[in-house]
>>> print(open('upload_21.cif').read())   # mmCIF, C-alpha atoms
data_model
loop_
_atom_site.label_atom_id
_atom_site.label_comp_id
_atom_site.auth_asym_id
_atom_site.auth_seq_id
_atom_site.Cartn_x
_atom_site.Cartn_y
_atom_site.Cartn_z
CA MET A 1272 -9.46 -15.07 -23.81
CA GLY A 1273 -11.03 -15.57 -20.42
CA LYS A 1274 -14.25 -17.50 -19.91
CA LYS A 1275 -17.45 -15.54 -19.61
CA SER A 1276 -18.87 -15.39 -16.12
CA SER A 1277 -22.18 -14.27 -14.72
CA ARG A 1278 -20.48 -13.44 -11.42
CA PRO A 1279 -18.11 -10.49 -11.01
CA VAL A 1280 -14.43 -11.35 -10.71
CA LEU A 1281 -12.07 -9.74 -8.23
CA VAL A 1282 -8.55 -9.74 -9.66
CA ALA A 1283 -6.12 -9.46 -6.72
CA HIS A 1284 -2.62 -8.36 -7.77
CA HIS A 1285 0.34 -8.58 -5.41
CA GLY A 1286 4.04 -9.33 -5.77
CA ASP A 1287 7.61 -9.16 -4.51
CA THR A 1288 7.08 -11.15 -1.33
CA HIS A 1289 10.83 -12.01 -1.28
CA VAL A 1290 10.33 -14.80 1.26
CA GLY A 1291 13.75 -15.71 2.61
CA SER A 1292 14.89 -12.15 3.18
CA THR A 1293 15.37 -10.98 6.75
CA ALA A 1294 13.52 -7.82 5.71
CA SER A 1295 10.37 -9.37 4.19
CA VAL A 1296 7.16 -11.19 5.02
CA MET A 1297 7.53 -14.69 6.46
CA PRO A 1298 5.71 -17.04 8.84
CA PRO A 1299 6.42 -16.62 12.55
CA LYS A 1300 8.62 -19.74 12.72
CA VAL A 1301 10.26 -21.83 9.99
CA GLY A 1302 11.92 -25.21 10.41
CA LEU A 1303 15.35 -25.51 8.79
CA ASP A 1304 16.51 -28.51 6.76
CA SER A 1305 19.70 -28.72 8.83
CA GLY A 1306 17.72 -28.77 12.06
CA GLY A 1307 16.51 -26.05 14.38
CA THR A 1308 14.24 -23.16 13.50
CA TYR A 1309 14.32 -19.56 12.39
CA GLU A 1310 11.96 -17.17 14.18
CA ALA A 1311 10.73 -14.02 12.48
CA SER A 1312 11.92 -10.63 13.66
CA LYS A 1313 9.57 -7.94 14.92
CA SER A 1314 9.43 -6.28 11.49
CA GLN A 1315 8.87 -9.61 9.73
CA LEU A 1316 6.00 -10.38 12.09
CA TRP A 1317 4.49 -7.00 11.19
CA TYR A 1318 4.67 -7.89 7.48
CA TRP A 1319 3.10 -11.27 8.29
CA LYS A 1320 0.27 -9.52 10.13
CA CYS A 1321 -0.26 -7.25 7.12
CA TRP A 1322 -0.22 -10.26 4.78
CA LEU A 1323 -2.96 -11.94 6.80
CA ARG A 1324 -4.92 -8.69 6.84
CA PHE A 1325 -4.53 -8.24 3.06
CA TRP A 1326 -6.17 -11.59 2.37
CA ARG A 1327 -8.87 -10.96 4.99
CA ASP A 1328 -9.62 -7.69 3.19
CA VAL A 1329 -9.74 -9.50 -0.16
CA ALA A 1330 -12.12 -12.04 1.41
CA LYS A 1331 -14.38 -9.21 2.60
CA LEU A 1332 -14.56 -7.75 -0.91
CA LYS A 1333 -15.22 -11.21 -2.30
CA LYS A 1334 -18.15 -11.69 0.06
CA GLU A 1335 -19.51 -8.15 -0.33
CA TYR A 1336 -19.70 -8.35 -4.13
CA GLY A 1337 -20.36 -12.06 -4.50
CA ALA A 1338 -17.23 -12.32 -6.64
CA LYS A 1339 -14.78 -15.00 -7.62
CA VAL A 1340 -11.15 -14.20 -6.82
CA LEU A 1341 -8.38 -14.48 -9.39
CA ALA A 1342 -5.09 -13.99 -7.53
CA VAL A 1343 -2.13 -12.76 -9.58
CA SER A 1344 1.32 -13.19 -8.04
CA GLY A 1345 3.72 -10.84 -9.81
CA GLY A 1346 7.08 -12.56 -9.30
CA ASP A 1347 10.03 -12.64 -6.90
CA GLN A 1348 8.12 -14.89 -4.54
CA ARG A 1349 11.37 -15.83 -2.80
CA GLU A 1350 14.55 -13.90 -2.01
CA GLY A 1351 17.08 -16.52 -3.07
CA ASP A 1352 20.82 -16.10 -2.51
CA HIS A 1353 21.98 -13.21 -4.66
CA HIS A 1354 24.52 -10.39 -5.00
CA GLU A 1355 26.51 -11.68 -1.99
CA THR A 1356 23.71 -10.53 0.32
CA THR A 1357 23.92 -11.25 4.02
CA GLN A 1358 20.25 -10.42 4.58
CA ILE A 1359 18.76 -13.88 4.12
CA TRP A 1360 17.78 -16.10 7.01
CA PHE A 1361 19.12 -19.23 5.30
CA GLU A 1362 20.94 -19.93 2.04
CA SER A 1363 19.05 -23.15 1.37
CA GLU A 1364 16.48 -22.64 -1.38
CA ALA A 1365 14.62 -25.69 -0.04
CA ASP A 1366 14.05 -23.90 3.26
CA GLN A 1367 12.98 -20.72 1.50
CA ASP A 1368 10.67 -22.71 -0.78
CA ARG A 1369 8.87 -24.32 2.15
CA ALA A 1370 8.34 -20.88 3.65
CA VAL A 1371 7.00 -19.58 0.31
CA GLU A 1372 4.47 -22.40 0.24
CA GLU A 1373 3.33 -21.57 3.78
CA VAL A 1374 2.97 -17.87 2.96
CA TYR A 1375 0.91 -18.55 -0.17
CA GLN A 1376 -1.29 -21.12 1.53
CA VAL A 1377 -2.84 -18.17 3.39
CA ALA A 1378 -3.81 -16.63 0.06
CA ASN A 1379 -5.21 -19.85 -1.41
CA GLU A 1380 -7.84 -19.95 1.32
CA VAL A 1381 -9.38 -16.93 -0.44
CA ALA A 1382 -8.38 -17.36 -4.10
CA ASP A 1383 -10.50 -19.38 -6.55
CA GLU A 1384 -7.94 -19.23 -9.34
CA TRP A 1385 -4.27 -18.29 -9.73
CA VAL A 1386 -1.87 -16.68 -12.18
CA PHE A 1387 1.86 -16.83 -11.40
CA VAL A 1388 4.14 -14.34 -13.19
CA ARG A 1389 7.88 -14.95 -13.28
CA GLY A 1390 10.17 -12.39 -11.66
CA THR A 1391 13.92 -11.81 -11.84
CA GLU A 1392 16.53 -14.52 -12.20
CA ALA A 1393 18.52 -13.06 -9.30
CA HIS A 1394 15.74 -14.04 -6.92
CA ASP A 1395 13.80 -16.83 -8.66
CA GLY A 1396 16.79 -18.57 -10.26
CA PRO A 1397 17.71 -19.20 -13.93
CA LEU A 1398 14.70 -18.53 -16.19
CA ALA A 1399 12.93 -17.49 -12.96
CA ALA A 1400 12.15 -21.19 -12.71
CA GLY A 1401 11.48 -20.93 -8.99
CA THR A 1402 8.12 -19.39 -9.83
CA GLU A 1403 7.40 -22.20 -12.29
CA GLY A 1404 8.20 -24.71 -9.57
CA TYR A 1405 5.80 -23.12 -7.10
CA ALA A 1406 3.02 -22.88 -9.67
CA ARG A 1407 3.46 -26.53 -10.71
CA THR A 1408 3.58 -27.71 -7.08
CA PHE A 1409 0.44 -25.78 -6.23
CA ALA A 1410 -1.38 -27.06 -9.33
CA GLU A 1411 -0.46 -30.64 -8.46
CA ALA A 1412 -1.84 -30.00 -4.97
CA GLY A 1413 -5.20 -29.08 -6.51
CA TRP A 1414 -4.94 -25.29 -6.82
CA ASN A 1415 -6.67 -23.83 -9.87
CA VAL A 1416 -3.66 -22.41 -11.75
CA ARG A 1417 -3.98 -20.79 -15.19
CA GLN A 1418 -1.37 -22.26 -17.49
CA ASP A 1419 0.59 -20.68 -20.33
CA GLY A 1420 0.53 -23.62 -22.70
CA GLU A 1421 2.52 -26.39 -21.03
CA ARG A 1422 3.99 -23.99 -18.45
CA TYR A 1423 2.32 -23.22 -15.15
CA SER A 1424 3.65 -19.66 -14.97
CA TRP A 1425 3.91 -16.67 -17.28
CA TYR A 1426 6.62 -14.25 -18.33
CA ILE A 1427 3.83 -11.83 -19.29
CA TRP A 1428 0.25 -12.67 -18.45
CA THR A 1429 -2.49 -11.31 -20.68
CA GLY A 1430 -6.11 -12.25 -20.25
CA VAL A 1431 -9.66 -11.02 -20.46
CA VAL A 1432 -11.56 -11.24 -17.18
CA ALA A 1433 -15.28 -10.47 -17.20
CA GLY A 1434 -14.74 -8.35 -20.30
CA VAL A 1435 -11.70 -6.47 -18.94
CA LYS A 1436 -8.32 -6.94 -20.66
CA PHE A 1437 -5.32 -7.29 -18.35
CA GLN A 1438 -1.56 -7.46 -18.72
CA ASP A 1439 0.73 -8.30 -15.79
CA LYS A 1440 4.52 -8.33 -16.03
CA HIS A 1441 7.19 -8.20 -13.35
CA SER A 1442 9.62 -5.49 -14.48
CA PRO A 1443 8.41 -2.19 -15.97
CA GLN A 1444 10.25 -0.53 -18.85
CA THR A 1445 10.57 2.76 -17.00
CA LYS A 1446 10.62 3.98 -13.40
CA SER A 1447 11.57 6.92 -11.20
CA ARG A 1448 13.14 7.22 -7.78
CA VAL A 1449 12.04 10.85 -7.54
CA PRO A 1450 8.90 10.74 -5.35
CA HIS A 1451 6.85 13.32 -7.25
CA LEU A 1452 7.72 11.68 -10.58
CA GLN A 1453 6.72 8.10 -9.77
CA ASP A 1454 3.15 8.51 -11.03
CA VAL A 1455 4.59 10.31 -14.08
CA ALA A 1456 6.72 7.23 -14.76
CA ALA A 1457 3.62 5.04 -14.42
CA SER A 1458 1.82 7.20 -16.99
CA ARG A 1459 4.86 6.91 -19.25
CA GLN A 1460 4.71 3.13 -18.87
CA ALA A 1461 1.00 3.20 -19.70
CA GLN A 1462 1.88 5.06 -22.90
CA TYR A 1463 4.63 2.57 -23.81
CA THR A 1464 2.23 -0.33 -23.28
CA TRP A 1465 -0.63 1.29 -25.20
CA GLU A 1466 1.61 2.17 -28.15
CA GLU A 1467 3.15 -1.31 -28.36
CA TYR A 1468 -0.30 -2.83 -28.82
CA ALA A 1469 -1.70 -0.08 -31.03
CA HIS A 1470 1.35 -0.21 -33.33
CA ASP A 1471 0.29 -3.71 -34.39
CA TRP A 1472 -3.42 -2.89 -34.47
CA ILE A 1473 -4.08 -4.90 -31.32
CA GLU A 1474 -6.51 -3.63 -28.72
CA PRO A 1475 -4.41 -2.34 -25.77
CA PRO A 1476 -5.13 -3.64 -22.28
CA ASP A 1477 -7.56 -1.83 -20.03
CA VAL A 1478 -5.27 -2.47 -17.05
CA ALA A 1479 -1.50 -3.10 -17.00
CA VAL A 1480 0.09 -4.09 -13.69
CA TRP A 1481 3.81 -4.07 -12.88
CA HIS A 1482 6.04 -4.90 -9.91
CA HIS A 1483 9.81 -5.02 -9.19
CA VAL A 1484 10.51 -1.38 -8.28
CA HIS A 1485 9.14 -1.70 -4.72
CA TYR A 1486 6.92 1.37 -4.70
CA ARG A 1487 3.30 2.08 -5.49
CA ALA A 1488 2.42 4.26 -8.49
CA ARG A 1489 -0.53 4.89 -10.82
CA GLY A 1490 -0.79 6.34 -14.31
CA TRP A 1491 -2.99 6.63 -17.40
CA TYR A 1492 -2.57 6.88 -21.13
CA GLN A 1493 -5.52 6.82 -23.53
CA GLY A 1494 -7.65 3.93 -22.25
CA THR A 1495 -4.87 2.06 -20.43
CA PHE A 1496 -4.49 2.28 -16.65
CA CYS A 1497 -1.07 1.37 -15.24
CA TYR A 1498 -0.59 0.29 -11.64
CA VAL A 1499 2.78 -0.46 -10.02
CA CYS A 1500 2.45 -2.71 -6.97
CA PRO A 1501 4.44 -2.12 -3.77
CA ALA A 1502 6.56 -4.91 -2.30
CA TRP A 1503 6.27 -7.00 0.85
CA GLN A 1504 9.87 -6.24 1.80
CA ALA A 1505 11.43 -3.38 3.73
CA ARG A 1506 14.49 -1.65 2.35
CA THR A 1507 17.56 -3.84 2.44
CA ALA A 1508 20.98 -2.46 3.38
CA TRP A 1509 21.69 -1.73 -0.29
CA ALA A 1510 18.40 0.14 -0.70
CA VAL A 1511 18.90 2.12 2.51
CA GLY A 1512 22.37 3.13 1.34
CA ASN A 1513 20.89 4.50 -1.88
CA ALA A 1514 17.81 6.10 -0.30
CA SER A 1515 17.42 9.79 0.40
CA SER A 1516 14.92 9.44 3.25
CA PRO A 1517 13.84 6.96 5.95
CA ARG A 1518 10.42 6.57 4.32
CA VAL A 1519 8.94 3.08 4.60
CA GLU A 1520 6.85 1.97 1.60
CA ARG A 1521 3.51 0.54 2.62
CA PRO A 1522 3.03 -3.13 1.69
CA GLY A 1523 -0.15 -4.14 -0.07
CA GLY A 1524 -1.66 -4.69 -3.48
CA VAL A 1525 -4.59 -3.80 -5.67
CA CYS A 1526 -7.85 -5.54 -6.52
CA PHE A 1527 -9.95 -4.87 -9.60
CA LEU A 1528 -13.64 -5.75 -9.46
CA CYS A 1529 -14.57 -6.71 -13.02
CA GLU A 1530 -18.03 -7.19 -14.44
CA GLY A 1531 -19.48 -6.66 -17.90
CA GLY A 1532 -16.35 -5.02 -19.28
CA ARG A 1533 -16.15 -2.49 -16.45
CA TRP A 1534 -13.62 -2.41 -13.65
CA ARG A 1535 -13.28 -0.73 -10.28
CA PRO A 1536 -10.03 -0.59 -8.27
CA PHE A 1537 -9.59 -1.21 -4.57
CA GLU A 1538 -6.17 -0.33 -3.19
CA LEU A 1539 -5.14 -2.23 -0.07
CA SER A 1540 -2.13 -0.86 1.80
CA TYR A 1541 -0.99 -0.89 5.40
CA LYS A 1542 0.68 1.85 7.40
CA PRO A 1543 4.07 1.02 8.87
CA GLU A 1544 4.49 1.00 12.63
CA SER A 1545 6.98 3.84 12.52
CA ALA A 1546 7.80 7.12 14.20
CA VAL A 1547 8.31 8.73 10.77
CA ALA A 1548 5.65 11.40 10.44
CA TRP A 1549 4.44 10.52 6.95
CA ALA A 1550 4.20 6.83 7.75
CA LYS A 1551 1.42 7.43 10.30
#
>>> encode(input="upload_21.cif", output="structure tokens")
Amino acid sequence: MGKKSSRPVLVAHHGDTHVGSTASVMPPKVGLDSGGTYEASKSQLWYWKCWLRFWRDVAKLKKEYGAKVLAVSGGDQREGDHHETTQIWFESEADQDRAVEEVYQVANEVADEWVFVRGTEAHDGPLAAGTEGYARTFAEAGWNVRQDGERYSWYIWTGVVAGVKFQDKHSPQTKSRVPHLQDVAASRQAQYTWEEYAHDWIEPPDVAVWHHVHYRARGWYQGTFCYVCPAWQARTAWAVGNASSPRVERPGGVCFLCEGGRWRPFELSYKPESAVAWAK
């Protein structure tokens, strides 16, 4: 159970930053352990600009509503070295980890408290322990990180914030790659989540947030709202090969302003700099 607060709380969900990929957000320049530097591409710099803007927008909401900010990072913070990919700017996890820390330092200038959710083992390593490592490092540096017992990160985070019950998990149980069915899949996930709780006579969450599938979707079932967060990574070569259109998913996240058991969503997303008509 979360602590009661007289101030509203802005819960800022984001995920899938995939730092280390040549197609994702990263700082403009990163020093490499073997010497030299890697400089971000034009598209990576655009993601970096959007990342800075996202946290400026969160800061504006924080100031406007006099709220505290609970930042929830939904997993796959780094890209790692997986599936024989060639789309990473360096294989060294140490280099990727330093870049992750620089990316998240931007967010900590706004956040008052943190929740770190573990992602997939392909990206975050066995047991998704990369996320645990980041959370522990940040906590030891003085960040206010919510722990799951002795762990500094969560496989599934559940908590009550200003009277609003949340669940955040990386991978949803259902999805759709058919554009007009993505919100339908989110509603289906909301039903799965609601029924799992209700089956054991446990109050279902008001809000359930998911990541992993790299698109934005929303759905409802009974009193549970489901939101699927977009990623901070463009389509990789594998994704492009399996895509049916050149559509670029907008990076961003969602904030929930919580007070007295009520919540209000604020979607933050950023239009790609693209010639594709529906991206404008």
>>> closest_residue(input="upload_21.cif", among="A:Phe1527, A:Phe1387, A:Tyr1541, A:Tyr1498", to="Ala1338 of chain A", atoms="all atoms listed in the file")
A:Phe1527
>>> resolve_selection(input="upload_21.cif", expression="the PyMOL selection byres ((chain A and resi 1414-1416) around 9)", output="PyMOL selection string")
chain A and resi 1379+1382-1387+1406-1413+1417-1418+1423-1424
>>> atom_distance(input="upload_21.cif", atom1="atom CA of Glu1466 of chain A", atom2="atom CA of Ser1344 of chain A")
25.3 Å
>>> atom_distance(input="upload_21.cif", atom1="atom CA of Val1480 of chain A", atom2="atom CA of Trp1322 of chain A")
19.5 Å
>>> atom_distance(input="upload_21.cif", atom1="atom CA of Arg1327 of chain A", atom2="atom CA of Asp1287 of chain A")
19.1 Å
>>> axis_aligned_box(input="upload_21.cif", around="segment 1522-1537 of chain A", padding_each_side="6 Å", output="lines of an AutoDock Vina configuration file")
center_x = -8.2
center_y = -3.9
center_z = -8.8
size_x = 34.5
size_y = 18.6
size_z = 33.0
>>> resolve_selection(input="upload_21.cif", expression="the PyMOL selection byres ((chain A and resi 1447) around 12)", output="number ranges by chain")
A: 1443-1446, 1448-1460, 1484-1488, 1499
>>> residues_around(input="upload_21.cif", residues="Gln1367 of chain A", least_positions_apart="3", cutoff="6 Å", atoms="all atoms listed in the file", output="list in words")
Gly1291, Glu1364 and Ala1370 of chain A
>>> residues_around(input="upload_21.cif", residues="Pro1536 of chain A", least_positions_apart="3", cutoff="9 Å", atoms="all atoms listed in the file", output="PyMOL selection string")
chain A and resi 1525-1529
>>> residues_around(input="upload_21.cif", residues="segment 1428-1435 of chain A", least_positions_apart="2", cutoff="10 Å", atoms="all atoms listed in the file", output="count of residues only")
42
>>> residues_near_point(input="upload_21.cif", point="(2.3, -9.1, -6.2)", cutoff="9 Å", atoms="only C-alpha atoms", output="number ranges by chain")
A: 1283-1288, 1342-1348, 1388, 1441, 1481-1482, 1500-1503, 1523-1525
>>> closest_residue(input="upload_21.cif", among="A:Trp1465, A:Trp1319, A:Trp1472, A:Phe1537", to="Val1290 of chain A", atoms="all atoms listed in the file")
A:Trp1319
